[in-house]
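**Q** What follows is upload-v6.cif, made up of mmCIF, C-alpha atoms:
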data_my_file
#
loop_
_atom_site.group_PDB
_atom_site.id
_atom_site.type_symbol
_atom_site.label_atom_id
_atom_site.label_comp_id
_atom_site.auth_asym_id
_atom_site.auth_seq_id
_atom_site.Cartn_x
_atom_site.Cartn_y
_atom_site.Cartn_z
ATOM 1 C CA ALA A 1 133.454 91.960 93.560
ATOM 2 C CA ALA A 2 131.624 89.000 92.092
ATOM 3 C CA GLU A 3 128.926 89.608 89.519
ATOM 4 C CA PRO A 4 125.386 88.836 90.733
ATOM 5 C CA GLU A 5 123.993 85.495 89.648
ATOM 6 C CA TYR A 6 120.309 84.822 89.144
ATOM 7 C CA VAL A 7 118.907 81.310 89.034
ATOM 8 C CA LEU A 8 115.283 80.586 88.226
ATOM 9 C CA GLN A 9 114.051 78.095 90.805
ATOM 10 C CA SER A 10 110.713 76.522 91.524
ATOM 11 C CA ILE A 11 109.104 77.910 94.662
ATOM 12 C CA GLY A 12 106.989 74.799 95.085
ATOM 13 C CA LEU A 13 103.278 75.057 95.637
ATOM 14 C CA ASP A 14 101.337 73.571 98.491
ATOM 15 C CA THR A 15 97.749 74.161 97.507
ATOM 16 C CA GLY A 16 96.364 71.558 99.851
ATOM 17 C CA ALA A 17 94.991 69.655 96.870
ATOM 18 C CA GLY A 18 96.461 66.359 95.823
ATOM 19 C CA GLY A 19 98.023 65.905 92.406
ATOM 20 C CA ASP A 20 95.059 63.933 91.057
ATOM 21 C CA GLU A 21 92.579 66.679 91.961
ATOM 22 C CA VAL A 22 94.708 69.372 90.342
ATOM 23 C CA VAL A 23 95.087 67.338 87.134
ATOM 24 C CA LEU A 24 91.332 66.643 87.031
ATOM 25 C CA MET A 25 90.525 70.324 87.572
ATOM 26 C CA GLN A 26 93.005 71.358 84.861
ATOM 27 C CA LYS A 27 91.517 68.882 82.379
ATOM 28 C CA SER A 28 87.989 70.050 83.223
ATOM 29 C CA LEU A 29 88.860 73.717 82.715
ATOM 30 C CA ARG A 30 90.593 72.963 79.430
ATOM 31 C CA CYS A 31 87.589 70.981 78.164
ATOM 32 C CA ALA A 32 85.284 73.843 79.177
ATOM 33 C CA ALA A 33 87.501 76.390 77.398
ATOM 34 C CA LEU A 34 87.481 74.286 74.221
ATOM 35 C CA ALA A 35 83.690 73.969 74.456
ATOM 36 C CA LEU A 36 83.323 77.738 74.909
ATOM 37 C CA TRP A 37 85.734 78.583 72.079
ATOM 38 C CA PRO A 38 85.583 75.568 69.695
ATOM 39 C CA ASP A 39 87.367 77.393 66.869
ATOM 40 C CA ALA A 40 90.172 78.782 69.021
ATOM 41 C CA GLU A 41 92.444 75.755 69.432
ATOM 42 C CA SER A 42 94.659 77.059 66.616
ATOM 43 C CA GLU A 43 95.298 80.162 68.742
ATOM 44 C CA LEU A 44 97.444 78.025 71.058
ATOM 45 C CA ARG A 45 100.142 77.782 68.365
ATOM 46 C CA ASN A 46 99.963 81.424 67.259
ATOM 47 C CA PRO A 47 102.729 83.443 68.969
ATOM 48 C CA HIS A 48 100.867 86.728 68.437
ATOM 49 C CA SER A 49 97.499 85.522 69.726
ATOM 50 C CA ARG A 50 96.102 87.011 72.931
ATOM 51 C CA HIS A 51 93.007 84.824 72.900
ATOM 52 C CA PRO A 52 91.780 83.973 76.432
ATOM 53 C CA ILE A 53 91.848 80.233 75.674
ATOM 54 C CA LYS A 54 95.590 80.445 76.366
ATOM 55 C CA TRP A 55 94.873 81.115 80.060
ATOM 56 C CA TYR A 56 93.647 77.544 80.415
ATOM 57 C CA PHE A 57 96.534 75.860 78.620
ATOM 58 C CA PHE A 58 99.598 77.939 79.426
ATOM 59 C CA SER A 59 101.532 78.394 82.648
ATOM 60 C CA VAL A 60 102.315 81.676 84.353
ATOM 61 C CA THR A 61 105.831 81.408 82.923
ATOM 62 C CA ALA A 62 104.447 81.022 79.394
ATOM 63 C CA GLU A 63 102.269 84.081 79.960
ATOM 64 C CA GLU A 64 105.322 86.082 81.084
ATOM 65 C CA ILE A 65 107.227 84.987 77.950
ATOM 66 C CA SER A 66 104.258 85.969 75.783
ATOM 67 C CA ARG A 67 104.001 89.425 77.345
ATOM 68 C CA GLY A 68 107.751 90.060 77.486
ATOM 69 C CA VAL A 69 108.808 88.571 74.154
ATOM 70 C CA LEU A 70 106.040 87.419 71.825
ATOM 71 C CA TRP A 71 103.728 90.435 72.240
ATOM 72 C CA ALA A 72 106.289 93.154 73.015
ATOM 73 C CA ASP A 73 106.656 95.972 70.502
ATOM 74 C CA ARG A 74 110.439 96.418 70.779
ATOM 75 C CA ARG A 75 111.402 92.856 71.669
ATOM 76 C CA ASP A 76 114.523 92.859 69.502
ATOM 77 C CA HIS A 77 115.821 95.731 71.632
ATOM 78 C CA SER A 78 114.645 94.580 75.047
ATOM 79 C CA ALA A 79 114.491 90.770 75.150
ATOM 80 C CA PHE A 80 117.135 88.076 75.358
ATOM 81 C CA VAL A 81 116.378 84.356 75.656
ATOM 82 C CA PHE A 82 118.774 81.946 77.339
ATOM 83 C CA ILE A 83 118.002 78.261 76.850
ATOM 84 C CA ARG A 84 119.440 75.533 79.020
ATOM 85 C CA THR A 85 118.261 71.929 79.130
ATOM 86 C CA ILE A 86 118.902 69.218 81.690
ATOM 87 C CA LYS A 87 120.074 65.967 80.113
ATOM 88 C CA GLY A 88 118.713 62.872 81.827
ATOM 89 C CA LEU A 89 115.844 64.693 83.546
ATOM 90 C CA GLU A 90 113.138 62.708 81.754
ATOM 91 C CA GLU A 91 114.696 59.383 82.771
ATOM 92 C CA VAL A 92 114.860 60.417 86.435
ATOM 93 C CA ALA A 93 111.292 61.763 86.337
ATOM 94 C CA VAL A 94 109.790 58.399 85.365
ATOM 95 C CA ASN A 95 112.161 56.275 87.487
ATOM 96 C CA LYS A 96 110.290 54.789 90.448
ATOM 97 C CA ASP A 97 113.613 53.969 92.113
ATOM 98 C CA ARG A 98 114.969 57.527 92.156
ATOM 99 C CA GLY A 99 117.019 58.507 95.140
ATOM 100 C CA PRO A 100 115.851 60.434 98.178
ATOM 101 C CA GLY A 101 115.876 64.159 97.574
ATOM 102 C CA GLU A 102 115.680 63.842 93.784
ATOM 103 C CA ARG A 103 112.865 66.185 92.795
ATOM 104 C CA PRO A 104 112.553 66.242 89.002
ATOM 105 C CA GLN A 105 109.045 67.720 89.351
ATOM 106 C CA ASP A 106 110.745 71.015 90.282
ATOM 107 C CA PHE A 107 112.206 71.186 86.760
ATOM 108 C CA ILE A 108 109.683 69.477 84.466
ATOM 109 C CA ASP A 109 105.883 69.434 84.264
ATOM 110 C CA MET A 110 104.428 66.225 85.688
ATOM 111 C CA THR A 111 100.872 64.868 85.613
ATOM 112 C CA GLY A 112 101.540 62.256 88.252
ATOM 113 C CA GLU A 113 104.355 61.221 90.543
ATOM 114 C CA TYR A 114 106.139 59.330 87.735
ATOM 115 C CA GLU A 115 104.420 60.697 84.627
ATOM 116 C CA ILE A 116 105.731 63.556 82.478
ATOM 117 C CA ASN A 117 103.152 66.005 81.145
ATOM 118 C CA THR A 118 103.788 65.349 77.457
ATOM 119 C CA ASP A 119 101.351 68.069 76.352
ATOM 120 C CA ALA A 120 103.277 70.702 78.327
ATOM 121 C CA GLN A 121 106.575 69.370 76.955
ATOM 122 C CA MET A 122 105.292 69.606 73.366
ATOM 123 C CA ARG A 123 104.127 73.206 73.942
ATOM 124 C CA LEU A 124 107.486 74.081 75.493
ATOM 125 C CA GLU A 125 109.388 72.597 72.545
ATOM 126 C CA HIS A 126 107.080 74.351 70.069
ATOM 127 C CA GLY A 127 107.640 77.689 71.771
ATOM 128 C CA ARG A 128 111.385 77.239 72.021
ATOM 129 C CA ASN A 129 111.955 75.795 68.534
ATOM 130 C CA GLU A 130 109.294 77.562 66.460
ATOM 131 C CA MET A 131 107.694 80.565 68.145
ATOM 132 C CA LEU A 132 110.745 82.337 69.601
ATOM 133 C CA PRO A 133 112.815 82.148 66.384
ATOM 134 C CA LYS A 134 109.888 83.734 64.504
ATOM 135 C CA VAL A 135 109.911 86.865 66.671
ATOM 136 C CA LEU A 136 113.553 87.277 67.767
ATOM 137 C CA SER A 137 116.723 87.563 65.745
ATOM 138 C CA PRO A 138 119.248 84.748 66.323
ATOM 139 C CA SER A 139 121.566 87.169 68.161
ATOM 140 C CA ARG A 140 118.908 87.454 70.892
ATOM 141 C CA ILE A 141 118.720 83.690 71.563
ATOM 142 C CA THR A 142 121.560 81.881 73.342
ATOM 143 C CA GLU A 143 121.453 78.135 73.883
ATOM 144 C CA TYR A 144 123.860 76.623 76.375
ATOM 145 C CA GLU A 145 125.241 73.102 76.440
ATOM 146 C CA PRO A 146 122.881 70.765 78.333
ATOM 147 C CA LEU A 147 123.547 70.174 82.001
ATOM 148 C CA GLU A 148 123.719 66.610 83.332
ATOM 149 C CA TRP A 149 121.074 65.741 85.915
ATOM 150 C CA GLY A 150 122.689 64.916 89.204
ATOM 151 C CA PRO A 151 122.544 65.482 92.919
ATOM 152 C CA GLY A 152 122.795 69.129 93.691
#
Take the structure I supplied and represent it as structure tokens, if you would.
**A**
Amino acid sequence: AAEPEYVLQSIGLDTGAGGDEVVLMQKSLRCAALALWPDAESELRNPHSRHPIKWYFFSVTAEEISRGVLWADRRDHSAFVFIRTIKGLEEVAVNKDRGPGERPQDFIDMTGEYEINTDAQMRLEHGRNEMLPKVLSPSRITEYEPLEWGPG
């Protein structure tokens, strides 16, 4: 019998709000959080921080990683991290001539139809390259060769 295979996929959200409204709301909430907690911006880079300002800057996935890895008591006995990147994804995301059916926004944070969310990408890289290695031993982190973006 074949081993089960699990693939994390975007479920896609149809909130009824257009992209511009969602981005404006997100920016407004983040500005309000910074105004409420002006000294807490450094908490965004602290892997052990549970400050509520993170709720306004981090995704649900980031929250799950924080609870399951960064804040867990026995993480070196219960957590494994598997890292896989998609080579060429950024180029497709900003390409206005991308083919029909190409949906890079299912795999990378976007702030507009052809604009990558650079803030989210920086936080992702910081978490992957700096935060996770601080809390997990190298034997708990596996990085795979990058996949090439292509029709799938």
**Q** Could you tell me how far atom CA of Ser59 of chain A lies from atom CA of Ser137 of chain A, in Å and to one decimal?
**A** 24.5 Å
**Q** Give me the result of the PyMOL selection byres ((chain A and resi 76) around 12) on this file, residue by residue, as a PDB file with C-alpha atoms, in the coordinates of the input.
**A**
ATOM      1  CA  GLY A  68     107.751  90.060  77.486  1.00  0.00           C
ATOM      2  CA  VAL A  69     108.808  88.571  74.154  1.00  0.00           C
ATOM      3  CA  LEU A  70     106.040  87.419  71.825  1.00  0.00           C
ATOM      4  CA  TRP A  71     103.728  90.435  72.240  1.00  0.00           C
ATOM      5  CA  ALA A  72     106.289  93.154  73.015  1.00  0.00           C
ATOM      6  CA  ASP A  73     106.656  95.972  70.502  1.00  0.00           C
ATOM      7  CA  ARG A  74     110.439  96.418  70.779  1.00  0.00           C
ATOM      8  CA  ARG A  75     111.402  92.856  71.669  1.00  0.00           C
ATOM      9  CA  HIS A  77     115.821  95.731  71.632  1.00  0.00           C
ATOM     10  CA  SER A  78     114.645  94.580  75.047  1.00  0.00           C
ATOM     11  CA  ALA A  79     114.491  90.770  75.150  1.00  0.00           C
ATOM     12  CA  PHE A  80     117.135  88.076  75.358  1.00  0.00           C
ATOM     13  CA  VAL A  81     116.378  84.356  75.656  1.00  0.00           C
ATOM     14  CA  LEU A 132     110.745  82.337  69.601  1.00  0.00           C
ATOM     15  CA  PRO A 133     112.815  82.148  66.384  1.00  0.00           C
ATOM     16  CA  LYS A 134     109.888  83.734  64.504  1.00  0.00           C
ATOM     17  CA  VAL A 135     109.911  86.865  66.671  1.00  0.00           C
ATOM     18  CA  LEU A 136     113.553  87.277  67.767  1.00  0.00           C
ATOM     19  CA  SER A 137     116.723  87.563  65.745  1.00  0.00           C
ATOM     20  CA  PRO A 138     119.248  84.748  66.323  1.00  0.00           C
ATOM     21  CA  SER A 139     121.566  87.169  68.161  1.00  0.00           C
ATOM     22  CA  ARG A 140     118.908  87.454  70.892  1.00  0.00           C
ATOM     23  CA  ILE A 141     118.720  83.690  71.563  1.00  0.00           C
TER      24      ILE A 141
END
**Q** Which is closest to Ala32 of chain A among A:Glu64, A:Tyr144, A:Phe57, A:Ser49, if we use only C-alpha atoms?
**A**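 Of all the options, A:Phe57 lies closest to Ala32 of chain A.
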**Q** Quick one: distance from atom CA of Glu148 of chain A to atom CA of Thr85 of chain A in Å, one decimal?
**A** 8.7 Å
**Q** Starting from the shown file, work through the PyMOL selection byres ((chain A and resi 54) around 10) and note down what comes out as a PyMOL selection string.
**A** chain A and resi 30+33+40-41+43-45+49-53+55-59+62-63
**Q** What is the atom CA of Ile83 of chain A-atom CA of Thr142 of chain A distance in Å, reported with one decimal?
**A**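 So the answer is 6.2 Å.
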**Q** Find, counting all atoms listed in the file, the residue in A:Leu89, A:Ile116, A:Ile65, A:Val22 that gets nearest to Pro104 of chain A.
**A**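 Checking each of A:Leu89, A:Ile116, A:Ile65, A:Val22 against Pro104 of chain A, counting all atoms listed in the file, the winner is A:Leu89.
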**Q** Need to verify the contact set: Gly150 of chain A, 9 Å, only C-alpha atoms, exclusion of same-chain residues closer than 3 positions in sequence. Can you return it as a list in words?
**A**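 So the residues in contact are Gly88, Leu89, Glu102 and Leu147 of chain A.
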**Q** Would you please work out which residue, of A:Thr61, A:Tyr114, A:Leu34, A:Leu124, is nearest to Asn95 of chain A when using all atoms listed in the file?
**A**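 Of A:Thr61, A:Tyr114, A:Leu34, A:Leu124, the one nearest Asn95 of chain A is A:Tyr114, counting all atoms listed in the file.
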**Q** Determine the nearest neighbour of Val92 of chain A from the options A:Cys31, A:Trp149, A:Trp37, A:Met25, counting only C-alpha atoms.
**A**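 Closest to Val92 of chain A of all the choices is A:Trp149.
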**Q** Choose the residue, out of A:Arg84, A:Arg123, A:Arg98, A:Arg128, that has the smallest atom-to-atom separation from Glu143 of chain A; count all atoms listed in the file.
**A** A:Arg84
**Q** Nearest to Gln105 of chain A: which of A:Thr118, A:Glu145, A:Phe82, A:Glu90 is it, counting all atoms listed in the file?
**A** A:Glu90
**Q** I'd like the neighbourhood of Met131 of chain A as a VMD selection string, where a residue qualifies if any of its atoms comes within 8 Å (using all atoms listed in the file), though same-chain residues fewer than 5 positions away should be ignored.
**A** chain A and resid 46 to 47 70 126
